[in-house]
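Student: You'll find run01.cif just under this line, and it carries mmCIF, C-alpha atoms.
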```
data_input
#
loop_
_atom_site.label_atom_id
_atom_site.label_comp_id
_atom_site.auth_asym_id
_atom_site.auth_seq_id
_atom_site.Cartn_x
_atom_site.Cartn_y
_atom_site.Cartn_z
CA MET A 1 5.26 18.24 12.47
CA SER A 2 5.67 22.03 12.15
CA GLY A 3 1.99 22.98 12.13
CA GLN A 4 1.36 20.85 9.10
CA LYS A 5 -1.45 18.29 9.28
CA ARG A 6 -0.21 14.81 8.40
CA SER A 7 -2.27 12.25 6.55
CA ILE A 8 -0.77 9.01 7.76
CA GLN A 9 -1.57 5.93 5.66
CA LEU A 10 -1.44 2.65 7.55
CA LEU A 11 0.66 0.13 5.59
CA GLY A 12 1.13 -2.78 7.93
CA GLN A 13 2.41 -4.10 11.19
CA ILE A 14 5.81 -5.02 12.62
CA ALA A 15 5.73 -8.81 12.55
CA GLY A 16 9.11 -9.45 14.13
CA THR A 17 12.77 -8.65 14.25
CA HIS A 18 15.32 -9.60 11.61
CA GLY A 19 18.83 -10.39 12.81
CA LEU A 20 20.66 -9.08 15.84
CA ARG A 21 21.19 -5.50 14.62
CA GLY A 22 17.62 -4.36 15.15
CA ALA A 23 16.09 -4.67 11.69
CA LEU A 24 12.30 -5.04 11.60
CA LYS A 25 10.08 -7.30 9.47
CA ILE A 26 6.98 -5.43 8.32
CA ARG A 27 3.91 -7.39 7.19
CA THR A 28 2.09 -5.37 4.53
CA HIS A 29 -0.23 -5.98 1.64
CA PRO A 30 2.22 -7.14 -1.08
CA GLY A 31 1.29 -4.19 -3.28
CA ASP A 32 2.06 -1.70 -0.50
CA ALA A 33 5.51 -2.97 0.49
CA PRO A 34 7.29 -0.93 -2.25
CA ALA A 35 6.05 2.27 -0.56
CA LEU A 36 8.40 1.51 2.32
CA LEU A 37 11.27 1.57 -0.18
CA ALA A 38 10.19 4.99 -1.48
CA THR A 39 10.26 6.92 1.79
CA ASP A 40 12.86 7.82 4.37
CA ARG A 41 10.58 7.74 7.41
CA VAL A 42 7.75 5.79 8.94
CA TRP A 43 5.22 6.52 11.64
CA LEU A 44 4.96 3.87 14.36
CA ASP A 45 1.95 3.46 16.61
CA VAL A 46 3.55 1.83 19.61
CA GLY A 47 0.45 2.23 21.78
CA SER A 48 1.49 5.54 23.35
CA GLY A 49 -1.24 7.59 21.70
CA ALA A 50 0.39 9.68 18.99
CA PRO A 51 2.36 7.95 16.22
CA GLU A 52 6.14 8.35 16.48
CA CYS A 53 8.15 9.45 13.45
CA ARG A 54 11.22 7.27 12.89
CA ARG A 55 13.87 7.63 10.18
CA ILE A 56 14.65 4.69 7.89
CA GLU A 57 18.30 3.90 7.24
CA SER A 58 17.66 1.07 4.78
CA ALA A 59 14.76 -0.95 3.44
CA GLU A 60 14.42 -4.04 1.26
CA LEU A 61 11.87 -6.66 0.28
CA ARG A 62 12.55 -10.20 1.54
CA LYS A 63 10.44 -13.36 1.46
CA GLY A 64 7.07 -11.63 1.58
CA TYR A 65 8.09 -8.94 4.07
CA ALA A 66 9.53 -5.47 3.94
CA VAL A 67 12.62 -5.37 6.14
CA ILE A 68 13.61 -1.95 7.44
CA GLN A 69 16.48 -0.71 9.54
CA LEU A 70 15.67 2.37 11.59
CA ARG A 71 18.45 4.89 12.24
CA ASP A 72 17.92 4.81 16.01
CA CYS A 73 17.44 1.04 16.33
CA ARG A 74 20.82 -0.74 16.36
CA HIS A 75 20.20 -3.86 18.42
CA ILE A 76 17.56 -6.53 18.72
CA SER A 77 16.89 -5.33 22.29
CA GLN A 78 15.76 -1.97 20.84
CA ALA A 79 13.72 -3.62 18.08
CA ALA A 80 11.87 -6.28 20.11
CA PRO A 81 9.57 -3.81 21.97
CA LEU A 82 8.38 -2.47 18.59
CA VAL A 83 6.98 -5.85 17.45
CA GLY A 84 3.21 -5.56 17.00
CA SER A 85 3.32 -1.81 16.30
CA GLN A 86 1.30 -0.45 13.39
CA VAL A 87 3.41 1.11 10.61
CA GLY A 88 2.29 4.05 8.53
CA ILE A 89 3.71 6.53 6.07
CA ASP A 90 2.84 10.03 4.96
CA PRO A 91 2.04 9.73 1.23
CA ALA A 92 3.47 13.23 0.73
CA ASP A 93 6.91 11.83 1.67
CA LEU A 94 6.96 9.21 -1.10
CA GLU A 95 9.60 9.59 -3.78
CA ARG A 96 8.08 8.40 -7.03
CA GLN A 97 8.55 8.43 -10.76
CA PRO A 98 6.00 10.29 -12.91
CA GLY A 99 2.86 8.19 -13.20
CA GLN A 100 3.93 5.79 -10.42
CA PHE A 101 1.35 4.86 -7.80
CA PHE A 102 1.11 2.51 -4.87
CA TRP A 103 -1.67 0.00 -4.21
CA PHE A 104 -3.05 1.76 -1.15
CA GLU A 105 -3.80 4.77 -3.39
CA LEU A 106 -6.21 2.73 -5.54
CA SER A 107 -8.78 2.15 -2.81
CA GLY A 108 -11.86 4.30 -3.39
CA LEU A 109 -10.98 5.35 -6.95
CA GLU A 110 -13.83 5.62 -9.44
CA THR A 111 -13.57 2.87 -12.05
CA ILE A 112 -14.51 3.68 -15.64
CA ASP A 113 -14.94 0.93 -18.23
CA ARG A 114 -14.23 1.70 -21.88
CA GLU A 115 -17.71 0.55 -23.04
CA ARG A 116 -19.90 0.79 -19.93
CA GLY A 117 -18.69 4.08 -18.40
CA VAL A 118 -18.58 4.30 -14.61
CA ILE A 119 -18.92 0.81 -13.16
CA GLY A 120 -18.08 1.45 -9.50
CA THR A 121 -15.19 2.06 -7.14
CA VAL A 122 -12.13 0.08 -6.16
CA ASN A 123 -12.96 -1.54 -2.83
CA GLY A 124 -9.92 -3.74 -2.39
CA MET A 125 -6.98 -5.51 -3.93
CA PHE A 126 -5.39 -8.90 -3.50
CA PHE A 127 -2.74 -11.01 -5.15
CA THR A 128 -2.96 -14.44 -6.71
CA ALA A 129 0.07 -16.48 -7.70
CA ALA A 130 -0.12 -14.94 -11.17
CA HIS A 131 -1.06 -11.25 -10.66
CA GLY A 132 -2.95 -8.67 -8.68
CA ILE A 133 -6.74 -8.44 -8.65
CA LEU A 134 -8.82 -5.27 -8.28
CA VAL A 135 -12.10 -5.66 -6.38
CA ILE A 136 -14.57 -3.22 -7.90
CA ASP A 137 -17.93 -2.62 -6.21
CA GLY A 138 -20.67 -1.15 -8.36
CA VAL A 139 -24.38 -1.02 -8.95
CA THR A 140 -24.39 -4.44 -10.64
CA GLY A 141 -22.31 -6.13 -7.97
CA GLU A 142 -18.70 -7.04 -7.49
CA VAL A 143 -16.21 -7.32 -10.35
CA LEU A 144 -12.86 -9.05 -9.85
CA LEU A 145 -10.55 -7.63 -12.49
CA PRO A 146 -7.03 -8.93 -13.12
CA PHE A 147 -4.57 -6.06 -12.76
CA LEU A 148 -2.98 -6.60 -16.16
CA ASP A 149 -2.20 -4.06 -18.89
CA GLN A 150 -4.80 -5.59 -21.20
CA PHE A 151 -7.58 -4.84 -18.67
CA VAL A 152 -6.30 -1.84 -16.68
CA GLU A 153 -5.58 0.83 -19.25
CA ARG A 154 -4.61 3.74 -17.02
CA VAL A 155 -4.57 4.82 -13.39
CA ASP A 156 -4.89 8.53 -12.59
CA VAL A 157 -4.57 8.85 -8.82
CA ASP A 158 -4.71 12.66 -8.95
CA ALA A 159 -8.05 12.56 -10.81
CA GLY A 160 -9.30 9.68 -8.64
CA LYS A 161 -9.97 7.38 -11.59
CA VAL A 162 -8.99 3.95 -12.93
CA PHE A 163 -9.68 3.38 -16.63
CA VAL A 164 -10.36 -0.26 -17.50
CA ASP A 165 -11.59 -2.58 -20.22
CA VAL A 166 -13.55 -5.34 -18.49
CA PRO A 167 -13.76 -8.40 -20.75
CA GLU A 168 -17.02 -10.22 -21.41
CA GLY A 169 -17.74 -12.79 -18.74
CA LEU A 170 -16.16 -10.84 -15.86
CA PHE A 171 -18.84 -8.19 -15.68
CA PRO A 172 -22.12 -9.21 -14.02
CA GLU A 173 -24.82 -8.64 -16.63
CA THR A 174 -28.16 -7.27 -15.44
#
```
Is it possible to express this structure as structure tokens?

Tutor:
Amino acid sequence: MSGQKRSIQLLGQIAGTHGLRGALKIRTHPGDAPALLATDRVWLDVGSGAPECRRIESAELRKGYAVIQLRDCRHISQAAPLVGSQVGIDPADLERQPGQFFWFELSGLETIDRERGVIGTVNGMFFTAAHGILVIDGVTGEVLLPFLDQFVERVDVDAGKVFVDVPEGLFPET
């Protein structure tokens, strides 16, 4: 790691193998799976203490999983011992388009409503069949906000802020 401190972000866990050539199925939060497509390496915690850096040869999304092929894992016999390992990435390694963000980056961001000002911080995210939901914790309680353009106006990860327009009825009135 060349003297550089890494900030590893846990994304999921190896849930199983995929095929005979050593591909791995990674169970992640659905909003975090695309981060595995935007990096060329992962950090595996295989229980040996320090996470191991492994290079990704290919990655794709399949049936609710991210499926990755590691460069040094060519057979199911090499992949099977990795099942159960935690999988992380270094956010600094992510290749992204301007303004692009990943779900794990939203946690802890200050949430600012157009009319009410600061309403809290993002405490979690989950998906429904229709769309993502932001869980915002604030002084008036929890707000579950659909992650749709009409409600989430802008995300500025660098500034640590999410700008929203919470509709009447979703905001707990005091």

Student: Please identify all polymer residues within 9 Å of Thr17 in chain A, counting all atoms listed in the file, omitting same-chain residues fewer than 5 positions from it, and present them as an MDAnalysis selection string.

Tutor: chainID A and resid 22:26 67 76 79:80 82:83

Student: Could you take the residues named above and write them with C-alpha atoms, as a PDB file, in the frame of the given file?

Tutor:
```pdb
ATOM      1  CA  GLY A  22      17.620  -4.360  15.150  1.00  0.00           C
ATOM      2  CA  ALA A  23      16.090  -4.670  11.690  1.00  0.00           C
ATOM      3  CA  LEU A  24      12.300  -5.040  11.600  1.00  0.00           C
ATOM      4  CA  LYS A  25      10.080  -7.300   9.470  1.00  0.00           C
ATOM      5  CA  ILE A  26       6.980  -5.430   8.320  1.00  0.00           C
ATOM      6  CA  VAL A  67      12.620  -5.370   6.140  1.00  0.00           C
ATOM      7  CA  ILE A  76      17.560  -6.530  18.720  1.00  0.00           C
ATOM      8  CA  ALA A  79      13.720  -3.620  18.080  1.00  0.00           C
ATOM      9  CA  ALA A  80      11.870  -6.280  20.110  1.00  0.00           C
ATOM     10  CA  LEU A  82       8.380  -2.470  18.590  1.00  0.00           C
ATOM     11  CA  VAL A  83       6.980  -5.850  17.450  1.00  0.00           C
TER      12      VAL A  83
END
```

Student: Which residues are close to Glu168 in chain A, i.e. within 12 Å by all atoms listed in the file, leaving aside same-chain residues fewer than 6 positions away? Reply as a PyMOL selection string.

Tutor: chain A and resi 113+115-116+143+145+151

Student: So the first atom is CA of Gln13 in chain A and the second is CA of Glu95 in chain A; what is the distance between them in Å, to one decimal place?

Tutor: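 Separation between CA of Gln13 in chain A and CA of Glu95 in chain A: 21.5 Å.
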
Student: For Gly49 in chain A, which of A:Ile136, A:Leu170, A:Ser77, A:Gln86 is the closest residue, counting all atoms listed in the file?

Tutor: A:Gln86

Student: Written as a VMD selection string, what is the full residue list that the PyMOL selection byres ((chain A and resi 44) around 8) yields on the file shown?

Tutor: chain A and resid 42 to 43 45 to 46 51 to 54 85 to 88

Student: I'd like the contact shell of Glu142 in chain A - 10 Å cut-off, all atoms listed in the file, skipping same-chain residues fewer than 6 positions apart - returned as a PyMOL selection string.

Tutor: chain A and resi 119-123+135-136+170-172
